[in-house]
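**Q** Dropping in target-v5.txt, which is compact mmCIF, N, CA and C atoms:
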# COMPACT_ATOMS: atom_id res chain seq x y z
N MET A 1 72.01 152.81 122.09
CA MET A 1 73.43 152.70 122.34
C MET A 1 73.88 153.94 123.09
N ILE A 2 74.76 153.72 124.04
CA ILE A 2 75.36 154.81 124.81
C ILE A 2 76.87 154.59 124.82
N ILE A 3 77.62 155.66 124.64
CA ILE A 3 79.07 155.62 124.82
C ILE A 3 79.43 156.79 125.71
N ASP A 4 80.22 156.50 126.75
CA ASP A 4 80.61 157.56 127.68
C ASP A 4 81.82 157.07 128.48
N THR A 5 82.29 157.90 129.40
CA THR A 5 83.40 157.51 130.26
C THR A 5 82.88 156.78 131.49
N LEU A 6 83.71 155.92 132.05
CA LEU A 6 83.31 155.16 133.24
C LEU A 6 82.93 156.07 134.39
N GLU A 7 83.57 157.22 134.51
CA GLU A 7 83.23 158.13 135.61
C GLU A 7 81.80 158.63 135.51
N ASN A 8 81.19 158.54 134.34
CA ASN A 8 79.80 158.98 134.16
C ASN A 8 78.79 157.84 134.19
N LEU A 9 79.23 156.61 134.36
CA LEU A 9 78.32 155.47 134.31
C LEU A 9 77.16 155.60 135.30
N SER A 10 77.43 156.12 136.48
CA SER A 10 76.37 156.23 137.49
C SER A 10 75.24 157.15 137.04
N LYS A 11 75.50 158.04 136.10
CA LYS A 11 74.44 158.94 135.59
C LYS A 11 73.37 158.18 134.82
N TYR A 12 73.67 156.95 134.43
CA TYR A 12 72.73 156.13 133.66
C TYR A 12 72.04 155.08 134.53
N ALA A 13 72.27 155.12 135.83
CA ALA A 13 71.76 154.09 136.74
C ALA A 13 70.24 153.98 136.71
N ALA A 14 69.55 155.06 136.43
CA ALA A 14 68.08 155.03 136.43
C ALA A 14 67.50 154.29 135.23
N LEU A 15 68.31 153.95 134.24
CA LEU A 15 67.80 153.30 133.04
C LEU A 15 67.40 151.84 133.26
N ASN A 16 67.95 151.22 134.29
CA ASN A 16 67.65 149.82 134.57
C ASN A 16 67.90 149.59 136.06
N PRO A 17 67.02 148.86 136.75
CA PRO A 17 67.21 148.67 138.20
C PRO A 17 68.49 147.91 138.57
N LEU A 18 69.12 147.23 137.61
CA LEU A 18 70.37 146.52 137.90
C LEU A 18 71.62 147.35 137.60
N PHE A 19 71.48 148.46 136.90
CA PHE A 19 72.65 149.29 136.59
C PHE A 19 73.39 149.78 137.83
N PRO A 20 72.71 150.17 138.93
CA PRO A 20 73.46 150.58 140.12
C PRO A 20 74.39 149.48 140.65
N LYS A 21 74.00 148.22 140.47
CA LYS A 21 74.87 147.11 140.92
C LYS A 21 76.11 146.98 140.03
N VAL A 22 75.97 147.34 138.77
CA VAL A 22 77.14 147.37 137.88
C VAL A 22 78.11 148.45 138.34
N VAL A 23 77.57 149.62 138.63
CA VAL A 23 78.40 150.73 139.11
C VAL A 23 79.12 150.32 140.40
N GLU A 24 78.40 149.73 141.32
CA GLU A 24 78.98 149.28 142.60
C GLU A 24 80.07 148.25 142.36
N TYR A 25 79.83 147.30 141.48
CA TYR A 25 80.82 146.25 141.18
C TYR A 25 82.10 146.88 140.63
N ILE A 26 81.95 147.82 139.69
CA ILE A 26 83.13 148.46 139.10
C ILE A 26 83.91 149.24 140.16
N GLN A 27 83.21 149.91 141.07
CA GLN A 27 83.88 150.69 142.11
C GLN A 27 84.63 149.81 143.10
N ASN A 28 84.16 148.58 143.29
CA ASN A 28 84.74 147.70 144.30
C ASN A 28 85.65 146.61 143.76
N ASN A 29 85.92 146.60 142.46
CA ASN A 29 86.74 145.55 141.86
C ASN A 29 87.72 146.15 140.87
N ASP A 30 88.91 145.56 140.82
CA ASP A 30 89.92 145.94 139.85
C ASP A 30 89.68 145.11 138.59
N LEU A 31 88.98 145.67 137.62
CA LEU A 31 88.59 144.93 136.43
C LEU A 31 89.81 144.41 135.66
N ALA A 32 90.86 145.21 135.59
CA ALA A 32 92.04 144.83 134.81
C ALA A 32 92.82 143.69 135.43
N ALA A 33 92.67 143.46 136.73
CA ALA A 33 93.44 142.42 137.41
C ALA A 33 92.75 141.06 137.40
N HIS A 34 91.53 141.00 136.94
CA HIS A 34 90.75 139.75 137.00
C HIS A 34 91.13 138.80 135.87
N GLU A 35 91.13 137.53 136.16
CA GLU A 35 91.39 136.51 135.15
C GLU A 35 90.17 136.34 134.25
N PRO A 36 90.36 135.87 133.01
CA PRO A 36 89.21 135.62 132.13
C PRO A 36 88.23 134.64 132.77
N GLY A 37 86.96 134.86 132.52
CA GLY A 37 85.92 133.98 133.05
C GLY A 37 84.67 134.77 133.38
N LYS A 38 83.70 134.06 133.94
CA LYS A 38 82.39 134.62 134.24
C LYS A 38 82.21 134.76 135.74
N VAL A 39 81.65 135.89 136.17
CA VAL A 39 81.36 136.12 137.59
C VAL A 39 79.87 136.47 137.70
N GLN A 40 79.16 135.69 138.48
CA GLN A 40 77.75 135.95 138.74
C GLN A 40 77.64 137.07 139.78
N ILE A 41 76.81 138.05 139.51
CA ILE A 41 76.57 139.12 140.46
C ILE A 41 75.17 138.97 141.04
N GLU A 42 74.19 138.79 140.17
CA GLU A 42 72.79 138.56 140.57
C GLU A 42 72.24 137.38 139.75
N GLY A 43 72.88 136.24 139.89
CA GLY A 43 72.44 135.05 139.17
C GLY A 43 72.43 135.28 137.66
N ALA A 44 71.37 134.80 137.00
CA ALA A 44 71.25 134.93 135.55
C ALA A 44 70.83 136.34 135.13
N ASP A 45 70.43 137.18 136.08
CA ASP A 45 69.98 138.53 135.75
C ASP A 45 71.12 139.53 135.56
N LEU A 46 72.25 139.28 136.19
CA LEU A 46 73.38 140.20 136.10
C LEU A 46 74.67 139.42 136.34
N PHE A 47 75.52 139.42 135.33
CA PHE A 47 76.83 138.78 135.47
C PHE A 47 77.82 139.52 134.59
N VAL A 48 79.09 139.21 134.80
CA VAL A 48 80.15 139.85 134.01
C VAL A 48 81.03 138.77 133.41
N ASN A 49 81.34 138.96 132.13
CA ASN A 49 82.29 138.09 131.43
C ASN A 49 83.59 138.86 131.27
N TYR A 50 84.67 138.29 131.81
CA TYR A 50 86.00 138.83 131.58
C TYR A 50 86.53 138.11 130.34
N ASN A 51 86.77 138.86 129.28
CA ASN A 51 87.09 138.28 127.98
C ASN A 51 88.48 138.66 127.51
N VAL A 52 89.11 137.74 126.79
CA VAL A 52 90.31 138.03 126.03
C VAL A 52 90.01 137.55 124.61
N SER A 53 90.06 138.47 123.66
CA SER A 53 89.75 138.15 122.27
C SER A 53 90.84 138.67 121.36
N LYS A 54 90.92 138.08 120.18
CA LYS A 54 91.82 138.58 119.14
C LYS A 54 91.07 139.64 118.36
N GLY A 55 91.75 140.70 118.00
CA GLY A 55 91.13 141.74 117.19
C GLY A 55 90.67 141.20 115.85
N LYS A 56 89.60 141.79 115.32
CA LYS A 56 89.01 141.35 114.06
C LYS A 56 88.97 142.51 113.08
N THR A 57 88.88 142.19 111.82
CA THR A 57 88.61 143.21 110.81
C THR A 57 87.11 143.50 110.83
N LYS A 58 86.70 144.56 110.17
CA LYS A 58 85.27 144.87 110.08
C LYS A 58 84.52 143.72 109.41
N GLU A 59 85.17 143.08 108.45
CA GLU A 59 84.54 141.97 107.74
C GLU A 59 84.40 140.73 108.62
N GLU A 60 85.31 140.55 109.56
CA GLU A 60 85.26 139.37 110.45
C GLU A 60 84.30 139.57 111.63
N ALA A 61 84.11 140.80 112.04
CA ALA A 61 83.26 141.10 113.21
C ALA A 61 81.80 140.94 112.81
N ARG A 62 81.11 140.02 113.44
CA ARG A 62 79.72 139.75 113.11
C ARG A 62 78.79 140.66 113.91
N ILE A 63 77.78 141.19 113.24
CA ILE A 63 76.78 141.99 113.92
C ILE A 63 75.91 141.03 114.74
N GLU A 64 75.63 141.41 115.97
CA GLU A 64 74.82 140.58 116.86
C GLU A 64 73.83 141.46 117.62
N SER A 65 72.80 140.82 118.14
CA SER A 65 71.87 141.49 119.05
C SER A 65 71.37 140.47 120.05
N HIS A 66 70.79 140.98 121.14
CA HIS A 66 70.28 140.13 122.22
C HIS A 66 68.86 140.56 122.55
N ASN A 67 68.01 139.61 122.87
CA ASN A 67 66.62 139.93 123.23
C ASN A 67 66.46 140.18 124.72
N ARG A 68 67.09 139.37 125.55
CA ARG A 68 66.85 139.41 126.99
C ARG A 68 67.87 140.26 127.76
N MET A 69 69.04 140.45 127.21
CA MET A 69 70.11 141.08 127.97
C MET A 69 70.60 142.37 127.30
N ILE A 70 71.08 143.27 128.14
CA ILE A 70 71.76 144.49 127.72
C ILE A 70 73.26 144.24 127.94
N ASP A 71 74.08 144.66 126.99
CA ASP A 71 75.54 144.56 127.13
C ASP A 71 76.10 145.91 127.57
N ILE A 72 76.96 145.87 128.57
CA ILE A 72 77.81 147.02 128.89
C ILE A 72 79.23 146.54 128.64
N GLN A 73 79.85 147.04 127.58
CA GLN A 73 81.16 146.57 127.17
C GLN A 73 82.22 147.61 127.51
N ILE A 74 83.31 147.13 128.13
CA ILE A 74 84.37 148.01 128.61
C ILE A 74 85.73 147.46 128.16
N PRO A 75 86.38 148.10 127.18
CA PRO A 75 87.73 147.66 126.82
C PRO A 75 88.71 148.04 127.93
N LEU A 76 89.64 147.14 128.20
CA LEU A 76 90.57 147.38 129.31
C LEU A 76 91.98 147.77 128.87
N ASN A 77 92.49 147.17 127.79
CA ASN A 77 93.90 147.37 127.48
C ASN A 77 94.18 148.13 126.19
N VAL A 78 93.25 148.11 125.24
CA VAL A 78 93.45 148.79 123.96
C VAL A 78 92.12 149.39 123.50
N PRO A 79 92.17 150.41 122.66
CA PRO A 79 90.92 150.90 122.07
C PRO A 79 90.26 149.79 121.26
N GLU A 80 88.95 149.75 121.29
CA GLU A 80 88.20 148.74 120.54
C GLU A 80 87.15 149.45 119.70
N THR A 81 87.14 149.16 118.42
CA THR A 81 86.13 149.71 117.54
C THR A 81 84.94 148.75 117.53
N MET A 82 83.74 149.33 117.60
CA MET A 82 82.52 148.53 117.65
C MET A 82 81.58 149.05 116.58
N GLY A 83 81.07 148.12 115.79
CA GLY A 83 80.10 148.47 114.77
C GLY A 83 78.72 148.63 115.39
N TYR A 84 77.89 149.45 114.74
CA TYR A 84 76.52 149.66 115.21
C TYR A 84 75.58 149.76 114.02
N THR A 85 74.46 149.04 114.11
CA THR A 85 73.34 149.18 113.19
C THR A 85 72.08 149.01 114.01
N ALA A 86 71.15 149.93 113.85
CA ALA A 86 69.87 149.79 114.56
C ALA A 86 69.24 148.46 114.14
N ARG A 87 68.72 147.73 115.10
CA ARG A 87 68.16 146.41 114.83
C ARG A 87 67.04 146.48 113.79
N LYS A 88 66.28 147.55 113.80
CA LYS A 88 65.18 147.69 112.85
C LYS A 88 65.69 147.76 111.41
N ASP A 89 66.97 148.06 111.22
CA ASP A 89 67.56 148.15 109.88
C ASP A 89 68.29 146.87 109.48
N LEU A 90 68.27 145.86 110.33
CA LEU A 90 68.94 144.59 110.04
C LEU A 90 67.96 143.61 109.41
N PRO A 91 68.46 142.67 108.61
CA PRO A 91 67.57 141.69 108.00
C PRO A 91 67.08 140.68 109.03
N GLU A 92 66.03 139.97 108.70
CA GLU A 92 65.56 138.88 109.55
C GLU A 92 66.68 137.85 109.66
N ALA A 93 66.87 137.31 110.87
CA ALA A 93 67.89 136.28 111.09
C ALA A 93 67.43 135.40 112.23
N GLU A 94 68.00 134.21 112.31
CA GLU A 94 67.58 133.23 113.31
C GLU A 94 68.10 133.61 114.70
N TYR A 95 67.20 133.60 115.66
CA TYR A 95 67.51 133.89 117.06
C TYR A 95 67.82 132.59 117.78
N ASN A 96 68.94 132.56 118.53
CA ASN A 96 69.29 131.42 119.37
C ASN A 96 68.85 131.75 120.79
N ALA A 97 67.70 131.22 121.20
CA ALA A 97 67.12 131.55 122.51
C ALA A 97 68.00 131.07 123.65
N GLU A 98 68.64 129.93 123.50
CA GLU A 98 69.49 129.40 124.57
C GLU A 98 70.65 130.33 124.88
N LYS A 99 71.25 130.90 123.83
CA LYS A 99 72.40 131.80 124.01
C LYS A 99 72.00 133.27 123.95
N ASP A 100 70.71 133.56 123.75
CA ASP A 100 70.20 134.93 123.65
C ASP A 100 71.01 135.75 122.65
N ILE A 101 71.10 135.23 121.41
CA ILE A 101 71.88 135.96 120.41
C ILE A 101 71.32 135.72 119.01
N THR A 102 71.37 136.77 118.23
CA THR A 102 71.08 136.70 116.80
C THR A 102 72.30 137.27 116.09
N PHE A 103 72.79 136.55 115.09
CA PHE A 103 73.88 137.05 114.25
C PHE A 103 73.32 137.46 112.89
N TYR A 104 73.87 138.53 112.34
CA TYR A 104 73.40 139.07 111.07
C TYR A 104 74.55 139.14 110.07
N PRO A 105 74.22 139.01 108.79
CA PRO A 105 75.26 139.13 107.76
C PRO A 105 75.59 140.59 107.49
N GLY A 106 76.75 140.81 106.90
CA GLY A 106 77.11 142.14 106.42
C GLY A 106 77.87 142.98 107.42
N LEU A 107 78.18 144.18 106.98
CA LEU A 107 78.93 145.14 107.79
C LEU A 107 77.97 146.07 108.53
N ALA A 108 78.43 146.56 109.65
CA ALA A 108 77.65 147.55 110.40
C ALA A 108 77.61 148.87 109.61
N LYS A 109 76.59 149.68 109.89
CA LYS A 109 76.46 150.98 109.21
C LYS A 109 77.42 152.02 109.76
N THR A 110 77.69 151.95 111.08
CA THR A 110 78.50 152.95 111.77
C THR A 110 79.53 152.24 112.64
N TYR A 111 80.69 152.86 112.79
CA TYR A 111 81.72 152.31 113.68
C TYR A 111 82.18 153.41 114.63
N VAL A 112 82.34 153.05 115.90
CA VAL A 112 82.83 153.97 116.91
C VAL A 112 83.96 153.28 117.67
N THR A 113 84.93 154.05 118.10
CA THR A 113 86.04 153.49 118.86
C THR A 113 85.87 153.86 120.33
N VAL A 114 85.89 152.83 121.17
CA VAL A 114 85.73 153.00 122.61
C VAL A 114 87.11 152.78 123.24
N GLN A 115 87.54 153.75 124.01
CA GLN A 115 88.86 153.73 124.64
C GLN A 115 88.80 153.02 125.99
N PRO A 116 89.92 152.48 126.48
CA PRO A 116 89.96 152.05 127.88
C PRO A 116 89.55 153.25 128.75
N GLY A 117 88.73 152.99 129.76
CA GLY A 117 88.19 154.07 130.59
C GLY A 117 86.84 154.56 130.10
N GLU A 118 86.38 154.00 128.99
CA GLU A 118 85.06 154.31 128.47
C GLU A 118 84.24 153.03 128.42
N PHE A 119 82.95 153.17 128.13
CA PHE A 119 82.07 152.01 128.02
C PHE A 119 81.08 152.24 126.88
N ALA A 120 80.52 151.14 126.40
CA ALA A 120 79.43 151.19 125.42
C ALA A 120 78.30 150.32 125.96
N VAL A 121 77.08 150.83 125.88
CA VAL A 121 75.90 150.08 126.30
C VAL A 121 75.11 149.76 125.03
N PHE A 122 74.80 148.48 124.86
CA PHE A 122 73.99 148.04 123.74
C PHE A 122 72.72 147.41 124.28
N PHE A 123 71.60 148.01 123.91
CA PHE A 123 70.28 147.53 124.31
C PHE A 123 69.78 146.54 123.27
N PRO A 124 68.68 145.83 123.54
CA PRO A 124 68.18 144.87 122.56
C PRO A 124 67.90 145.46 121.17
N GLN A 125 67.62 146.73 121.08
CA GLN A 125 67.36 147.34 119.78
C GLN A 125 68.63 147.73 119.02
N ASP A 126 69.80 147.43 119.62
CA ASP A 126 71.08 147.83 119.03
C ASP A 126 71.85 146.63 118.49
N GLY A 127 71.99 146.57 117.18
CA GLY A 127 72.90 145.58 116.61
C GLY A 127 74.33 146.08 116.78
N HIS A 128 75.22 145.21 117.18
CA HIS A 128 76.60 145.64 117.42
C HIS A 128 77.59 144.57 116.96
N ALA A 129 78.73 145.05 116.48
CA ALA A 129 79.80 144.18 115.99
C ALA A 129 81.06 144.52 116.77
N PRO A 130 81.34 143.78 117.86
CA PRO A 130 82.48 144.12 118.72
C PRO A 130 83.81 143.58 118.21
N CYS A 131 84.87 144.01 118.87
CA CYS A 131 86.23 143.48 118.71
C CYS A 131 86.93 143.87 117.42
N VAL A 132 86.54 144.98 116.82
CA VAL A 132 87.27 145.43 115.63
C VAL A 132 88.53 146.15 116.12
N SER A 133 89.66 145.57 115.75
CA SER A 133 90.95 146.11 116.20
C SER A 133 92.06 145.36 115.50
N ASP A 134 93.21 146.00 115.38
CA ASP A 134 94.37 145.27 114.85
C ASP A 134 95.23 144.71 115.99
N ALA A 135 94.73 144.83 117.22
CA ALA A 135 95.45 144.30 118.39
C ALA A 135 95.40 142.77 118.40
N SER A 136 96.49 142.17 118.82
CA SER A 136 96.51 140.70 118.91
C SER A 136 95.73 140.22 120.14
N GLU A 137 95.52 141.12 121.11
CA GLU A 137 94.78 140.74 122.32
C GLU A 137 93.95 141.91 122.82
N ILE A 138 92.65 141.69 122.89
CA ILE A 138 91.73 142.68 123.46
C ILE A 138 91.23 142.12 124.78
N ARG A 139 91.57 142.78 125.86
CA ARG A 139 91.06 142.41 127.18
C ARG A 139 89.89 143.35 127.47
N LYS A 140 88.75 142.77 127.81
CA LYS A 140 87.56 143.58 128.04
C LYS A 140 86.66 142.89 129.03
N VAL A 141 85.72 143.66 129.56
CA VAL A 141 84.67 143.08 130.38
C VAL A 141 83.33 143.40 129.71
N ILE A 142 82.43 142.44 129.82
CA ILE A 142 81.09 142.61 129.29
C ILE A 142 80.11 142.28 130.40
N PHE A 143 79.44 143.30 130.88
CA PHE A 143 78.36 143.09 131.85
C PHE A 143 77.13 142.72 131.07
N LYS A 144 76.47 141.64 131.48
CA LYS A 144 75.22 141.20 130.88
C LYS A 144 74.14 141.51 131.90
N VAL A 145 73.20 142.41 131.51
CA VAL A 145 72.19 142.93 132.42
C VAL A 145 70.81 142.58 131.86
N LYS A 146 69.98 141.96 132.68
CA LYS A 146 68.65 141.60 132.21
C LYS A 146 67.89 142.85 131.80
N ASN A 147 67.30 142.79 130.60
CA ASN A 147 66.49 143.89 130.10
C ASN A 147 65.15 143.85 130.84
N GLU A 148 64.87 144.87 131.59
CA GLU A 148 63.65 144.90 132.39
C GLU A 148 62.41 145.20 131.57
N ILE A 149 62.58 145.69 130.35
CA ILE A 149 61.45 146.02 129.49
C ILE A 149 61.37 144.96 128.41
N LEU A 150 60.74 143.85 128.71
CA LEU A 150 60.67 142.75 127.74
C LEU A 150 59.36 142.74 127.00
Output the file's structure in the form of structure tokens.
**A**
Amino acid sequence: MIIDTLENLSKYAALNPLFPKVVEYIQNNDLAAHEPGKVQIEGADLFVNYNVSKGKTKEEARIESHNRMIDIQIPLNVPETMGYTARKDLPEAEYNAEKDITFYPGLAKTYVTVQPGEFAVFFPQDGHAPCVSDASEIRKVIFKVKNEIL
């Protein structure tokens, strides 16, 4: 897991060959002005979901992980708290290969708050519970980046 400011995102470009395209997309697009929906950048290997969600309690936010994709999550309008538990510390759970997601029971071990202007990167080894907030509307973008180390 990585948390940092958007101005530093390019410093992480070497971690994945598709990360530079994420940086380029952010530099060339007004993320806050985009309507909810999905935008393909590099087919199934790199796309962005523009999301609007209702804030959840820690108990409502489900811990999830992905096998094939890395998440880069960017809150746009309000701070968003995100739970984190290392995947190795999570119980066995059923993986949905079609949706590339595993959901886990229970609460995350750690919670961090990500501000607008910051981002969080969750790799396949990172269990995460997004959207913890008392806000009625969380506007965010989630870049889905193919994990090159499968």
**Q** Go through A:Phe47, A:Phe19, A:Tyr84, A:Tyr25 and flag the residue nearest Pro130 in chain A, using all atoms listed in the file for the distances.
**A** A:Tyr84
**Q** Taking all atoms listed in the file into account, which of A:Ala86, A:Lys21, A:Asn16, A:Asn67 comes nearest Ala108 in chain A?
**A**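 The closest residue to Ala108 in chain A is A:Ala86.
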**Q** Atom N of Ile2 in chain A to atom C of Asp126 in chain A: how many Å, to one decimal?
**A**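 Atom C of Asp126 in chain A lies 9.5 Å from atom N of Ile2 in chain A.
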**Q** Counting only N, CA and C atoms, what is within 7 Å of Pro75 in chain A, bar same-chain residues fewer than 3 positions away, as a PyMOL selection string?
**A** chain A and resi 78-80+114-120+138-141
**Q** With N, CA and C atoms retained, could you export that selection as a short mmCIF file (atom, residue, chain, number, x, y, z; two decimals), in the frame of the given file?
**A**
data_model
loop_
_atom_site.label_atom_id
_atom_site.label_comp_id
_atom_site.auth_asym_id
_atom_site.auth_seq_id
_atom_site.Cartn_x
_atom_site.Cartn_y
_atom_site.Cartn_z
N VAL A 78 93.25 148.11 125.24
CA VAL A 78 93.45 148.79 123.96
C VAL A 78 92.12 149.39 123.50
N PRO A 79 92.17 150.41 122.66
CA PRO A 79 90.92 150.90 122.07
C PRO A 79 90.26 149.79 121.26
N GLU A 80 88.95 149.75 121.29
CA GLU A 80 88.20 148.74 120.54
C GLU A 80 87.15 149.45 119.70
N VAL A 114 85.89 152.83 121.17
CA VAL A 114 85.73 153.00 122.61
C VAL A 114 87.11 152.78 123.24
N GLN A 115 87.54 153.75 124.01
CA GLN A 115 88.86 153.73 124.64
C GLN A 115 88.80 153.02 125.99
N PRO A 116 89.92 152.48 126.48
CA PRO A 116 89.96 152.05 127.88
C PRO A 116 89.55 153.25 128.75
N GLY A 117 88.73 152.99 129.76
CA GLY A 117 88.19 154.07 130.59
C GLY A 117 86.84 154.56 130.10
N GLU A 118 86.38 154.00 128.99
CA GLU A 118 85.06 154.31 128.47
C GLU A 118 84.24 153.03 128.42
N PHE A 119 82.95 153.17 128.13
CA PHE A 119 82.07 152.01 128.02
C PHE A 119 81.08 152.24 126.88
N ALA A 120 80.52 151.14 126.40
CA ALA A 120 79.43 151.19 125.42
C ALA A 120 78.30 150.32 125.96
N ILE A 138 92.65 141.69 122.89
CA ILE A 138 91.73 142.68 123.46
C ILE A 138 91.23 142.12 124.78
N ARG A 139 91.57 142.78 125.86
CA ARG A 139 91.06 142.41 127.18
C ARG A 139 89.89 143.35 127.47
N LYS A 140 88.75 142.77 127.81
CA LYS A 140 87.56 143.58 128.04
C LYS A 140 86.66 142.89 129.03
N VAL A 141 85.72 143.66 129.56
CA VAL A 141 84.67 143.08 130.38
C VAL A 141 83.33 143.40 129.71
#
**Q** So which residues touch range 52-57 of chain A within 7 Å, counting all atoms listed in the file, skipping near sequence neighbours fewer than 2 positions away, as a PyMOL selection string?
**A** chain A and resi 36-37+50+59-61+130-140
**Q** Please report, as a VMD selection string, each residue of range 23-102 of chain A to which DSSP assigns strand (DSSP E or B) when run on this structure's backbone.
**A** chain A and resid 37 to 42 44 46 to 53 56 63 to 65 69 to 75 80 to 86 95 to 96 101 to 102
**Q** Might you pull out every residue within 10 Å of Ser65 in chain A, with only C-alpha atoms counted and same-chain residues fewer than 6 positions away left off, and present them as an MDAnalysis selection string?
**A** chainID A and resid 71 85:87 90 95 100:104 122:129
